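> Dropping in protein32.pdb, which is PDB, C-alpha atoms and all ligand atoms:
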MODEL        1
ATOM      1  CA  MET A   1       8.749  23.420  -3.347
ATOM      2  CA  ASP A   2       5.462  24.177  -5.097
ATOM      3  CA  PHE A   3       3.499  22.417  -2.356
ATOM      4  CA  PRO A   4       4.256  23.662   1.171
ATOM      5  CA  VAL A   5       4.571  21.407   4.203
ATOM      6  CA  THR A   6       1.797  22.243   6.661
ATOM      7  CA  SER A   7       0.573  20.969   9.994
ATOM      8  CA  GLY A   8      -1.845  18.019   9.848
ATOM      9  CA  VAL A   9      -3.603  15.868  12.453
ATOM     10  CA  ASN A  10      -1.900  16.050  15.864
ATOM     11  CA  GLY A  11       0.640  18.422  14.311
ATOM     12  CA  LEU A  12       2.176  15.783  12.041
ATOM     13  CA  GLU A  13       3.550  17.451   8.920
ATOM     14  CA  ARG A  14       1.818  16.877   5.611
ATOM     15  CA  ILE A  15       1.662  18.084   2.038
ATOM     16  CA  VAL A  16      -1.837  18.854   0.768
ATOM     17  CA  VAL A  17      -2.424  18.486  -2.973
ATOM     18  CA  ASN A  18      -5.344  20.300  -4.560
ATOM     19  CA  THR A  19      -5.113  20.485  -8.325
ATOM     20  CA  ARG A  20      -7.562  20.745 -11.194
ATOM     21  CA  ASP A  21      -7.462  16.969 -11.648
ATOM     22  CA  ALA A  22      -7.101  15.561  -8.147
ATOM     23  CA  GLN A  23      -7.009  16.101  -4.414
ATOM     24  CA  GLY A  24      -4.861  14.246  -1.910
ATOM     25  CA  GLU A  25      -2.552  14.336   1.099
ATOM     26  CA  VAL A  26       0.855  12.924   1.971
ATOM     27  CA  TYR A  27       2.204  12.826   5.524
ATOM     28  CA  LEU A  28       5.976  13.019   6.006
ATOM     29  CA  HIS A  29       5.472  10.374   8.713
ATOM     30  CA  GLY A  30       6.020   7.192   6.749
ATOM     31  CA  ALA A  31       5.823   9.075   3.411
ATOM     32  CA  HIS A  32       2.203   8.088   3.897
ATOM     33  CA  VAL A  33      -0.343   8.886   1.193
ATOM     34  CA  THR A  34      -3.458   9.263   3.319
ATOM     35  CA  SER A  35      -5.891  10.363   0.619
ATOM     36  CA  TRP A  36      -6.312  10.665  -3.115
ATOM     37  CA  HIS A  37      -9.163  10.925  -5.544
ATOM     38  CA  PRO A  38      -9.616  12.385  -9.014
ATOM     39  CA  THR A  39     -11.669  15.587  -8.934
ATOM     40  CA  GLY A  40     -15.393  14.797  -8.892
ATOM     41  CA  ARG A  41     -14.950  11.194  -7.745
ATOM     42  CA  LYS A  42     -15.466   9.548  -4.335
ATOM     43  CA  PRO A  43     -12.357   8.924  -2.244
ATOM     44  CA  VAL A  44     -10.310   6.030  -3.585
ATOM     45  CA  LEU A  45      -8.088   5.456  -0.544
ATOM     46  CA  TRP A  46      -9.699   4.372   2.723
ATOM     47  CA  MET A  47      -8.703   5.794   6.102
ATOM     48  CA  SER A  48      -9.853   4.511   9.475
ATOM     49  CA  GLY A  49     -11.699   7.028  11.615
ATOM     50  CA  GLN A  50      -9.737   5.533  14.518
ATOM     51  CA  SER A  51      -6.296   5.891  12.967
ATOM     52  CA  PHE A  52      -3.431   6.986  15.172
ATOM     53  CA  PHE A  53      -1.566  10.080  14.097
ATOM     54  CA  ASP A  54       1.425   9.472  16.346
ATOM     55  CA  SER A  55       5.078   9.686  15.334
ATOM     56  CA  ALA A  56       5.719   6.314  16.978
ATOM     57  CA  LYS A  57       2.815   4.445  15.329
ATOM     58  CA  PRO A  58       1.692   3.667  11.788
ATOM     59  CA  ILE A  59      -1.249   5.467  10.216
ATOM     60  CA  ARG A  60      -4.203   3.125   9.553
ATOM     61  CA  GLY A  61      -5.339   3.448   5.961
ATOM     62  CA  GLY A  62      -4.084   5.141   2.804
ATOM     63  CA  ILE A  63      -0.805   3.595   1.611
ATOM     64  CA  PRO A  64       1.526   2.389   4.398
ATOM     65  CA  VAL A  65       5.065   1.776   3.094
ATOM     66  CA  CYS A  66       6.084  -1.613   4.476
ATOM     67  CA  PHE A  67       9.875  -2.003   4.324
ATOM     68  CA  PRO A  68      12.456  -3.625   4.738
ATOM     69  CA  TRP A  69      10.402  -6.579   5.990
ATOM     70  CA  PHE A  70       6.743  -7.583   5.693
ATOM     71  CA  GLY A  71       4.665  -8.813   8.624
ATOM     72  CA  PRO A  72       6.480  -9.720  11.863
ATOM     73  CA  HIS A  73      10.276  -9.374  11.846
ATOM     74  CA  PRO A  74      11.713 -12.780  10.904
ATOM     75  CA  SER A  75      13.877 -13.116  14.025
ATOM     76  CA  ASP A  76      13.161 -10.288  16.481
ATOM     77  CA  SER A  77       9.596 -10.001  17.818
ATOM     78  CA  GLN A  78      10.511  -6.691  19.453
ATOM     79  CA  LYS A  79      10.843  -5.026  16.055
ATOM     80  CA  PRO A  80       7.797  -3.284  14.533
ATOM     81  CA  ALA A  81       5.478  -5.222  12.226
ATOM     82  CA  HIS A  82       5.938  -4.393   8.534
ATOM     83  CA  GLY A  83       9.321  -2.751   9.112
ATOM     84  CA  THR A  84      10.447   0.744  10.081
ATOM     85  CA  ALA A  85       9.708   2.796   6.933
ATOM     86  CA  ARG A  86       6.111   3.576   7.861
ATOM     87  CA  ILE A  87       7.031   4.942  11.315
ATOM     88  CA  GLN A  88       9.997   7.006  10.138
ATOM     89  CA  LYS A  89       9.801  10.679   9.181
ATOM     90  CA  TRP A  90      10.734  11.011   5.496
ATOM     91  CA  ILE A  91      12.415  14.080   3.978
ATOM     92  CA  PRO A  92      10.486  16.032   1.304
ATOM     93  CA  VAL A  93      12.993  16.632  -1.455
ATOM     94  CA  LYS A  94      10.849  17.992  -4.271
ATOM     95  CA  SER A  95       7.293  19.035  -4.924
ATOM     96  CA  ARG A  96       6.180  20.627  -8.168
ATOM     97  CA  TRP A  97       3.354  21.039 -10.610
ATOM     98  CA  THR A  98       3.911  19.580 -14.061
ATOM     99  CA  ALA A  99       2.789  21.375 -17.211
ATOM    100  CA  GLU A 100      -0.141  18.926 -17.336
ATOM    101  CA  GLY A 101      -1.275  19.970 -13.833
ATOM    102  CA  VAL A 102      -0.014  16.820 -12.105
ATOM    103  CA  ALA A 103       1.435  17.117  -8.584
ATOM    104  CA  GLU A 104       4.863  15.480  -8.358
ATOM    105  CA  LEU A 105       6.383  14.803  -4.925
ATOM    106  CA  LEU A 106       9.649  13.150  -3.945
ATOM    107  CA  LEU A 107      10.382  11.969  -0.418
ATOM    108  CA  GLU A 108      13.398  10.012   0.751
ATOM    109  CA  SER A 109      14.613   8.178   3.799
ATOM    110  CA  GLN A 110      17.741   6.449   5.026
ATOM    111  CA  LEU A 111      16.771   3.091   6.460
ATOM    112  CA  ALA A 112      20.179   1.530   6.986
ATOM    113  CA  PRO A 113      21.602  -0.175   5.073
ATOM    114  CA  PHE A 114      19.171   1.122   2.468
ATOM    115  CA  ASP A 115      18.441   4.515   0.930
ATOM    116  CA  VAL A 116      14.854   4.740  -0.305
ATOM    117  CA  GLN A 117      13.066   7.267  -2.483
ATOM    118  CA  LEU A 118       9.311   7.472  -2.975
ATOM    119  CA  HIS A 119       8.153   9.389  -6.030
ATOM    120  CA  ILE A 120       4.439  10.275  -5.973
ATOM    121  CA  ARG A 121       2.361  11.694  -8.860
ATOM    122  CA  MET A 122      -1.206  12.787  -8.172
ATOM    123  CA  GLY A 123      -3.507  13.577 -11.090
ATOM    124  CA  GLN A 124      -6.228  11.600 -12.854
ATOM    125  CA  ALA A 125      -4.043   8.642 -11.871
ATOM    126  CA  LEU A 126      -2.130   8.017  -8.663
ATOM    127  CA  GLU A 127       1.398   6.796  -9.351
ATOM    128  CA  LEU A 128       4.019   5.730  -6.817
ATOM    129  CA  ARG A 129       7.577   4.708  -7.634
ATOM    130  CA  MET A 130       9.728   3.242  -4.869
ATOM    131  CA  ASN A 131      13.459   3.188  -5.592
ATOM    132  CA  THR A 132      15.711   1.256  -3.231
ATOM    133  CA  ARG A 133      19.518   1.236  -3.217
ATOM    134  CA  LEU A 134      22.176   0.197  -0.751
ATOM    135  CA  ALA A 135      24.090   2.899   1.096
ATOM    136  CA  ALA A 136      27.462   3.547  -0.538
ATOM    137  CA  GLN A 137      29.472   1.874   2.223
ATOM    138  CA  GLU A 138      27.627  -1.444   1.876
ATOM    139  CA  LYS A 139      29.836  -4.021   0.178
ATOM    140  CA  ARG A 140      27.506  -7.049   0.351
ATOM    141  CA  ALA A 141      24.131  -7.899  -1.174
ATOM    142  CA  VAL A 142      21.191  -7.577   1.234
ATOM    143  CA  HIS A 143      17.646  -9.022   1.085
ATOM    144  CA  PHE A 144      14.544  -6.910   1.661
ATOM    145  CA  GLU A 145      10.760  -7.238   1.490
ATOM    146  CA  GLN A 146       8.453  -4.380   0.592
ATOM    147  CA  ALA A 147       4.776  -3.565   0.169
ATOM    148  CA  LEU A 148       2.712  -0.540  -0.733
ATOM    149  CA  HIS A 149      -0.041  -1.690   1.613
ATOM    150  CA  THR A 150      -2.893   0.183  -0.086
ATOM    151  CA  TYR A 151      -6.322   0.466   1.556
ATOM    152  CA  PHE A 152      -9.098   1.021  -0.999
ATOM    153  CA  CYS A 153     -12.599   2.415  -0.375
ATOM    154  CA  VAL A 154     -15.390   0.065  -1.460
ATOM    155  CA  SER A 155     -19.174   0.279  -1.122
ATOM    156  CA  ASP A 156     -19.331  -3.054   0.736
ATOM    157  CA  VAL A 157     -16.604  -5.689   0.653
ATOM    158  CA  ARG A 158     -19.341  -8.363   0.550
ATOM    159  CA  ASN A 159     -20.488  -7.006  -2.802
ATOM    160  CA  ILE A 160     -17.219  -6.624  -4.715
ATOM    161  CA  GLU A 161     -15.024  -8.976  -6.662
ATOM    162  CA  ILE A 162     -11.336  -8.763  -7.369
ATOM    163  CA  ARG A 163     -10.124  -9.904 -10.787
ATOM    164  CA  GLY A 164      -6.606 -10.549 -12.015
ATOM    165  CA  LEU A 165      -5.376 -13.162  -9.552
ATOM    166  CA  GLU A 166      -7.483 -16.127 -10.698
ATOM    167  CA  ASN A 167      -4.481 -18.020 -12.036
ATOM    168  CA  CYS A 168      -2.013 -17.322  -9.245
ATOM    169  CA  GLN A 169      -0.861 -19.589  -6.469
ATOM    170  CA  TYR A 170      -1.146 -18.014  -3.054
ATOM    171  CA  ILE A 171      -0.268 -18.365   0.614
ATOM    172  CA  ASP A 172      -3.418 -18.347   2.741
ATOM    173  CA  LYS A 173      -2.676 -16.818   6.154
ATOM    174  CA  MET A 174      -6.086 -18.026   7.363
ATOM    175  CA  LEU A 175      -5.006 -21.612   6.679
ATOM    176  CA  GLN A 176      -1.720 -21.482   8.623
ATOM    177  CA  ALA A 177       0.084 -20.021   5.595
ATOM    178  CA  ARG A 178      -0.818 -23.029   3.465
ATOM    179  CA  ARG A 179       0.251 -22.805  -0.185
ATOM    180  CA  CYS A 180      -2.874 -22.997  -2.347
ATOM    181  CA  GLU A 181      -3.458 -23.656  -6.005
ATOM    182  CA  PRO A 182      -5.132 -20.996  -8.185
ATOM    183  CA  THR A 183      -8.868 -20.641  -7.590
ATOM    184  CA  ARG A 184      -9.604 -19.972 -11.286
ATOM    185  CA  ARG A 185     -12.255 -17.443 -10.258
ATOM    186  CA  PRO A 186     -12.432 -13.826  -8.999
ATOM    187  CA  ILE A 187     -11.916 -13.170  -5.291
ATOM    188  CA  THR A 188     -15.093 -12.547  -3.299
ATOM    189  CA  PHE A 189     -15.365 -11.981   0.452
ATOM    190  CA  GLY A 190     -17.383 -13.819   3.092
ATOM    191  CA  GLN A 191     -14.843 -13.990   5.953
ATOM    192  CA  GLU A 192     -11.489 -12.623   7.110
ATOM    193  CA  THR A 193      -9.221 -12.843   4.077
ATOM    194  CA  ASP A 194      -5.441 -12.618   4.174
ATOM    195  CA  ARG A 195      -3.642 -13.967   1.103
ATOM    196  CA  VAL A 196      -0.225 -13.441  -0.457
ATOM    197  CA  TYR A 197      -0.370 -14.123  -4.192
ATOM    198  CA  PHE A 198       3.125 -14.714  -5.495
ATOM    199  CA  ASN A 199       4.958 -14.731  -8.852
ATOM    200  CA  THR A 200       2.404 -12.375 -10.389
ATOM    201  CA  LYS A 201       2.998  -9.221 -12.426
ATOM    202  CA  ASP A 202      -0.683  -8.931 -13.268
ATOM    203  CA  THR A 203      -2.944  -5.913 -13.128
ATOM    204  CA  VAL A 204      -5.710  -6.284 -10.547
ATOM    205  CA  GLU A 205      -9.200  -4.771 -10.776
ATOM    206  CA  ILE A 206     -11.615  -4.149  -7.924
ATOM    207  CA  HIS A 207     -15.107  -4.376  -9.412
ATOM    208  CA  ASP A 208     -17.484  -2.465  -7.164
ATOM    209  CA  SER A 209     -21.029  -2.521  -8.510
ATOM    210  CA  GLY A 210     -22.277  -0.724  -5.402
ATOM    211  CA  ASP A 211     -20.154   2.311  -6.245
ATOM    212  CA  GLY A 212     -20.562   1.725  -9.984
ATOM    213  CA  ARG A 213     -16.800   1.776 -10.531
ATOM    214  CA  GLN A 214     -13.689  -0.257 -11.113
ATOM    215  CA  ILE A 215     -10.405   0.530  -9.412
ATOM    216  CA  VAL A 216      -7.531  -0.585 -11.648
ATOM    217  CA  ILE A 217      -4.236  -1.410  -9.958
ATOM    218  CA  GLU A 218      -1.231  -1.716 -12.298
ATOM    219  CA  LYS A 219       2.299  -2.435 -11.153
ATOM    220  CA  SER A 220       5.880  -3.099 -12.197
ATOM    221  CA  GLY A 221       8.892  -4.412 -10.296
ATOM    222  CA  SER A 222       6.539  -6.368  -8.039
ATOM    223  CA  LEU A 223       5.939 -10.130  -8.021
ATOM    224  CA  SER A 224       3.595 -10.353  -5.022
ATOM    225  CA  THR A 225       0.070  -9.037  -4.477
ATOM    226  CA  VAL A 226      -1.471  -9.208  -1.004
ATOM    227  CA  VAL A 227      -5.258  -9.168  -0.480
ATOM    228  CA  TRP A 228      -6.659  -8.482   2.982
ATOM    229  CA  ASN A 229      -9.880  -7.720   4.771
ATOM    230  CA  PRO A 230      -9.911  -8.155   8.591
ATOM    231  CA  TRP A 231     -13.663  -8.862   8.821
ATOM    232  CA  ILE A 232     -15.401  -8.712  12.211
ATOM    233  CA  ASP A 233     -13.213 -10.281  14.903
ATOM    234  CA  LYS A 234      -9.846  -8.914  13.766
ATOM    235  CA  SER A 235     -11.323  -5.428  13.382
ATOM    236  CA  ARG A 236     -12.420  -5.616  17.022
ATOM    237  CA  ARG A 237      -8.864  -6.540  18.064
ATOM    238  CA  MET A 238      -7.297  -3.496  16.397
ATOM    239  CA  PRO A 239      -7.501  -0.298  18.498
ATOM    240  CA  ASP A 240      -7.006   1.891  15.416
ATOM    241  CA  PHE A 241      -9.714   0.201  13.356
ATOM    242  CA  GLY A 242     -13.402   0.856  14.048
ATOM    243  CA  ASP A 243     -15.517  -2.237  14.753
ATOM    244  CA  SER A 244     -17.950  -1.392  11.955
ATOM    245  CA  GLU A 245     -15.452  -0.126   9.377
ATOM    246  CA  TRP A 246     -14.403  -3.407   7.763
ATOM    247  CA  PRO A 247     -17.135  -3.529   5.052
ATOM    248  CA  GLN A 248     -15.925  -0.252   3.562
ATOM    249  CA  MET A 249     -12.374  -1.308   2.738
ATOM    250  CA  VAL A 250     -10.164  -3.847   1.068
ATOM    251  CA  CYS A 251      -6.384  -3.953   0.868
ATOM    252  CA  VAL A 252      -4.722  -4.824  -2.423
ATOM    253  CA  GLU A 253      -1.003  -4.510  -1.811
ATOM    254  CA  THR A 254       1.753  -4.146  -4.388
ATOM    255  CA  ALA A 255       4.650  -6.064  -2.924
ATOM    256  CA  ASN A 256       7.711  -8.278  -3.014
ATOM    257  CA  VAL A 257       7.404 -10.609  -0.043
ATOM    258  CA  ALA A 258       8.160 -14.229   0.995
ATOM    259  CA  ASP A 259       9.251 -16.181  -2.122
ATOM    260  CA  ASN A 260       9.524 -12.855  -3.956
ATOM    261  CA  ARG A 261      11.797 -11.015  -1.515
ATOM    262  CA  VAL A 262      14.493  -8.976  -3.290
ATOM    263  CA  LEU A 263      18.272  -9.506  -3.101
ATOM    264  CA  LEU A 264      19.860  -6.108  -3.735
ATOM    265  CA  ALA A 265      23.496  -5.917  -4.759
ATOM    266  CA  PRO A 266      25.790  -2.932  -4.073
ATOM    267  CA  GLY A 267      25.394  -0.328  -6.807
ATOM    268  CA  ASP A 268      22.015  -1.644  -8.022
ATOM    269  CA  VAL A 269      18.721   0.254  -7.795
ATOM    270  CA  HIS A 270      15.471  -1.685  -7.387
ATOM    271  CA  GLU A 271      12.311  -0.020  -8.690
ATOM    272  CA  MET A 272       8.719  -0.919  -7.849
ATOM    273  CA  THR A 273       5.803   1.099  -9.263
ATOM    274  CA  LEU A 274       2.082   1.296  -8.589
ATOM    275  CA  ARG A 275      -0.515   3.027 -10.775
ATOM    276  CA  VAL A 276      -4.129   3.431  -9.651
ATOM    277  CA  THR A 277      -6.923   4.633 -11.916
ATOM    278  CA  VAL A 278     -10.692   4.648 -11.563
ATOM    279  CA  LYS A 279     -13.233   3.992 -14.289
ATOM    280  CA  ASP A 280     -16.986   3.628 -14.418
ATOM    281  CA  HIS A 281     -18.233   0.101 -13.999
TER     282      HIS A 281
HETATM  283  O1  LIG B   1      -1.291  -7.225   4.622
HETATM  284  C1  LIG B   1      -2.083  -7.984   5.475
HETATM  285  C2  LIG B   1      -1.462  -7.972   6.860
HETATM  286  O2  LIG B   1      -0.189  -8.572   6.856
HETATM  287  C3  LIG B   1      -2.430  -8.653   7.810
HETATM  288  O3  LIG B   1      -1.927  -9.881   8.273
HETATM  289  C4  LIG B   1      -2.623  -7.614   8.920
HETATM  290  O4  LIG B   1      -1.683  -7.806   9.938
HETATM  291  C5  LIG B   1      -2.403  -6.322   8.147
HETATM  292  O5  LIG B   1      -1.292  -6.617   7.315
HETATM  293  C6  LIG B   1      -2.244  -5.077   8.972
HETATM  294  O6  LIG B   1      -1.030  -5.087   9.668
HETATM  295  P1  LIG B   1      -0.746  -3.862  10.671
HETATM  296  O7  LIG B   1       0.615  -4.122  11.250
HETATM  297  O8  LIG B   1      -0.787  -2.596   9.846
HETATM  298  O9  LIG B   1      -1.871  -3.881  11.669
ENDMDL
END
Render the structure in this file as structure tokens.
Ligand code: TA6


Amino acid sequence: MDFPVTSGVNGLERIVVNTRDAQGEVYLHGAHVTSWHPTGRKPVLWMSGQSFFDSAKPIRGGIPVCFPWFGPHPSDSQKPAHGTARIQKWIPVKSRWTAEGVAELLLESQLAPFDVQLHIRMGQALELRMNTRLAAQEKRAVHFEQALHTYFCVSDVRNIEIRGLENCQYIDKMLQARRCEPTRRPITFGQETDRVYFNTKDTVEIHDSGDGRQIVIEKSGSLSTVVWNPWIDKSRRMPDFGDSEWPQMVCVETANVADNRVLLAPGDVHEMTLRVTVKDH
């Protein structure tokens, strides 16, 4: 292991990455990437100043791994929102430098009936690869949902636009999960926004003139993209989200949810990837 496991906030274990090209952190709790930015750039991933760091609760910010369901459990309200992966301690299997100075980490978890691996590469780009397979003893196909629920830093959510989803149908959670036709224009924000865009493989760009940058979000093995900002009232209702933090973040989530949930057969491996890069506006 080229990158040691050390003690983080409240003693939760983490791996700190500090390379020529990038800095970042990954907590074993939830295999949670809590920070990343290329050297010399502002943070790319947003973290709440009120986040819990508690082995029984999800971390607020960075990249929560939502799996094997998204949102409330479909039939049992006692089960945790967004599944169990993000509140489970993952096992660090590998951490190494590559010849190009990229930090490569591999964490895995057994979330019955699934075995999941999360490969993370931190350099000038941030790359995550989530591989999901059924445990060997499983003889039947099983459905799952997943999301890399990424929180991005922005100068002010009221001054950004998100491009790449103009031609996608979406489910609008603010309209009682109504199915909506494509807007044919970039996403801008003037209220709480909670949308699941489905049947899209498209790259999404966050254009942030305030920070003078674009955050480019590429993906594969994902047909859903979720866009969320809690705005004022919902922020106040979340104990791990500061009341005045909402303008500084937006979630763009690489996912397979709802219509795009995955049916995984015994012996198959499902792969979903996310690649984040930053360029000047
Ligand atoms: O991805 C958007 C969403 O599903 C919102 O509805 C909101 O609940 C958000 O996730 C955060 O969920 P959490 O369980 O992390 O508070």

> In Å, with one decimal, what is the gap from atom CA of Thr39 of chain A to atom CA of Arg163 of chain A?

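Spanning atom CA of Thr39 of chain A to atom CA of Arg163 of chain A is a straight-line distance of 25.6 Å.
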
> For ligand LIG 1 (chain B), what centre and edge lengths in Å (one decimal) does the axis-aligned box get once 5 Å is added on each side of all its listed atoms, as lines of an AutoDock Vina configuration file?


center_x = -1.0
center_y = -6.2
center_z = 8.1
size_x = 13.2
size_y = 17.3
size_z = 17.0

> Do you have the atom CA of Ala265 of chain A-atom CA of Pro68 of chain A distance handy?

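Separation between atom CA of Ala265 of chain A and atom CA of Pro68 of chain A: 14.7 Å.
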
> Please provide as a PDB file with C-alpha atoms, in the coordinates of the input all residues within 9 Å of Glu13 of chain A, with the sequence filter that same-chain residues fewer than 6 positions apart are discarded (counting all atoms listed in the file).


ATOM      1  CA  VAL A   5       4.571  21.407   4.203  1.00  0.00           C
ATOM      2  CA  THR A   6       1.797  22.243   6.661  1.00  0.00           C
ATOM      3  CA  SER A   7       0.573  20.969   9.994  1.00  0.00           C
ATOM      4  CA  VAL A  26       0.855  12.924   1.971  1.00  0.00           C
ATOM      5  CA  TYR A  27       2.204  12.826   5.524  1.00  0.00           C
ATOM      6  CA  LEU A  28       5.976  13.019   6.006  1.00  0.00           C
ATOM      7  CA  HIS A  29       5.472  10.374   8.713  1.00  0.00           C
TER       8      HIS A  29
END

> Please determine the residues with any atom at most 12 Å from (-19.8, -2.6, 14.0) (coordinates as given in the file, with all atoms listed in the file counting) and report them as a compact mmCIF listing (two decimals) with C-alpha atoms, keeping the file's coordinate frame.


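Contents of result19.txt, freshly written:
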# COMPACT_ATOMS: atom_id res chain seq x y z
CA TRP A 231 -13.66 -8.86 8.82
CA ILE A 232 -15.40 -8.71 12.21
CA ASP A 233 -13.21 -10.28 14.90
CA LYS A 234 -9.85 -8.91 13.77
CA SER A 235 -11.32 -5.43 13.38
CA ARG A 236 -12.42 -5.62 17.02
CA PHE A 241 -9.71 0.20 13.36
CA GLY A 242 -13.40 0.86 14.05
CA ASP A 243 -15.52 -2.24 14.75
CA SER A 244 -17.95 -1.39 11.96
CA GLU A 245 -15.45 -0.13 9.38
CA TRP A 246 -14.40 -3.41 7.76
CA PRO A 247 -17.14 -3.53 5.05
CA GLN A 248 -15.92 -0.25 3.56

> Rank A:Ile162, A:Met238, A:Ala22, A:Ala136 by their smallest atom-to-atom distance to ligand LIG 1 (chain B), using all atoms listed in the file, and report the top residue only.

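Nearest to ligand LIG 1 (chain B): A:Met238.
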
> Given the file above and the PyMOL selection byres (((not hetatm)) within 8 of (chain B and resi 1)), which residues are selected, and can you give them as a ChimeraX atom specification?

/A:58,60,64,70-71,80-82,149,173,194-195,226-230,238,251,253

> Would you mind reading off the distance between atom CA of Arg178 of chain A and atom CA of Val252 of chain A, one decimal, in Å?

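So the two atoms, atom CA of Arg178 of chain A and atom CA of Val252 of chain A, lie 19.5 Å apart.
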
> Which residues, written as a PDB file with C-alpha atoms, keeping the file's coordinate frame, have at least one atom at most 9 Å from Ser155 of chain A, with only C-alpha atoms counted and residues fewer than 5 positions away on the same chain left out?


ATOM      1  CA  ILE A 160     -17.219  -6.624  -4.715  1.00  0.00           C
ATOM      2  CA  ASP A 208     -17.484  -2.465  -7.164  1.00  0.00           C
ATOM      3  CA  SER A 209     -21.029  -2.521  -8.510  1.00  0.00           C
ATOM      4  CA  GLY A 210     -22.277  -0.724  -5.402  1.00  0.00           C
ATOM      5  CA  ASP A 211     -20.154   2.311  -6.245  1.00  0.00           C
ATOM      6  CA  PRO A 247     -17.135  -3.529   5.052  1.00  0.00           C
ATOM      7  CA  GLN A 248     -15.925  -0.252   3.562  1.00  0.00           C
ATOM      8  CA  MET A 249     -12.374  -1.308   2.738  1.00  0.00           C
TER       9      MET A 249
END

> Once the PyMOL selection byres (((chain A and resi 38) around 10) and not hetatm) is applied to the coordinates I shared, what remains selected? I want it as a PyMOL selection string.

chain A and resi 19-24+36-37+39-44+122-126+277-278

> Starting from the shown file, work through the PyMOL selection byres (((chain A and resi 1) around 12) and not hetatm) and note down what comes out as a list in words.

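Here the PyMOL selection byres (((chain A and resi 1) around 12) and not hetatm) matches Asp2, Phe3, Pro4, Val5, Ile15, Pro92, Val93, Lys94, Ser95, Arg96, Trp97, Ala103, Glu104, Leu105, Leu106 and Leu107 of chain A.
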
> Given the point (2.6, -4.0, -11.2) in the coordinates of this file, which residues lie within 8 Å, counting all atoms listed in the file, and how would they look as a JSON list (two decimals) with C-alpha atoms, in the frame of the given file?


[["chain", "number", "residue", "atom", "x", "y", "z"],
["A", 201, "LYS", "CA", 3.00, -9.22, -12.43],
["A", 202, "ASP", "CA", -0.68, -8.93, -13.27],
["A", 203, "THR", "CA", -2.94, -5.91, -13.13],
["A", 217, "ILE", "CA", -4.24, -1.41, -9.96],
["A", 218, "GLU", "CA", -1.23, -1.72, -12.30],
["A", 219, "LYS", "CA", 2.30, -2.44, -11.15],
["A", 220, "SER", "CA", 5.88, -3.10, -12.20],
["A", 221, "GLY", "CA", 8.89, -4.41, -10.30],
["A", 222, "SER", "CA", 6.54, -6.37, -8.04],
["A", 223, "LEU", "CA", 5.94, -10.13, -8.02],
["A", 254, "THR", "CA", 1.75, -4.15, -4.39],
["A", 272, "MET", "CA", 8.72, -0.92, -7.85],
["A", 273, "THR", "CA", 5.80, 1.10, -9.26],
["A", 274, "LEU", "CA", 2.08, 1.30, -8.59],
["A", 275, "ARG", "CA", -0.52, 3.03, -10.78]]

> Which residues come within 10 Å of Glu181 of chain A, counting all atoms listed in the file, excluding same-chain residues fewer than 3 positions away, as a tab-separated table (two decimals) with C-alpha atoms, keeping the file's coordinate frame?


chain	number	residue	atom	x	y	z
A	166	GLU	CA	-7.48	-16.13	-10.70
A	167	ASN	CA	-4.48	-18.02	-12.04
A	168	CYS	CA	-2.01	-17.32	-9.24
A	169	GLN	CA	-0.86	-19.59	-6.47
A	170	TYR	CA	-1.15	-18.01	-3.05
A	171	ILE	CA	-0.27	-18.36	0.61
A	178	ARG	CA	-0.82	-23.03	3.46
A	184	ARG	CA	-9.60	-19.97	-11.29

> From the set A:Leu165, A:Val257, A:Val9, A:Leu264, which residue has the shortest atom-to-atom contact distance to Arg185 of chain A, counting all atoms listed in the file?

A:Leu165

> Would you please work out which residue, of A:Ala255, A:Glu145, A:Glu161, A:Met174, is nearest to Phe198 of chain A when using all atoms listed in the file?

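Going through A:Ala255, A:Glu145, A:Glu161, A:Met174 one by one, the smallest distance to Phe198 of chain A is for A:Ala255.
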
> Gln88 of chain A: which residues within 8 Å, counting only C-alpha atoms, same-chain residues fewer than 6 positions away excluded, as an NGL selection string?

:A and (29-30 or 55 or 109)
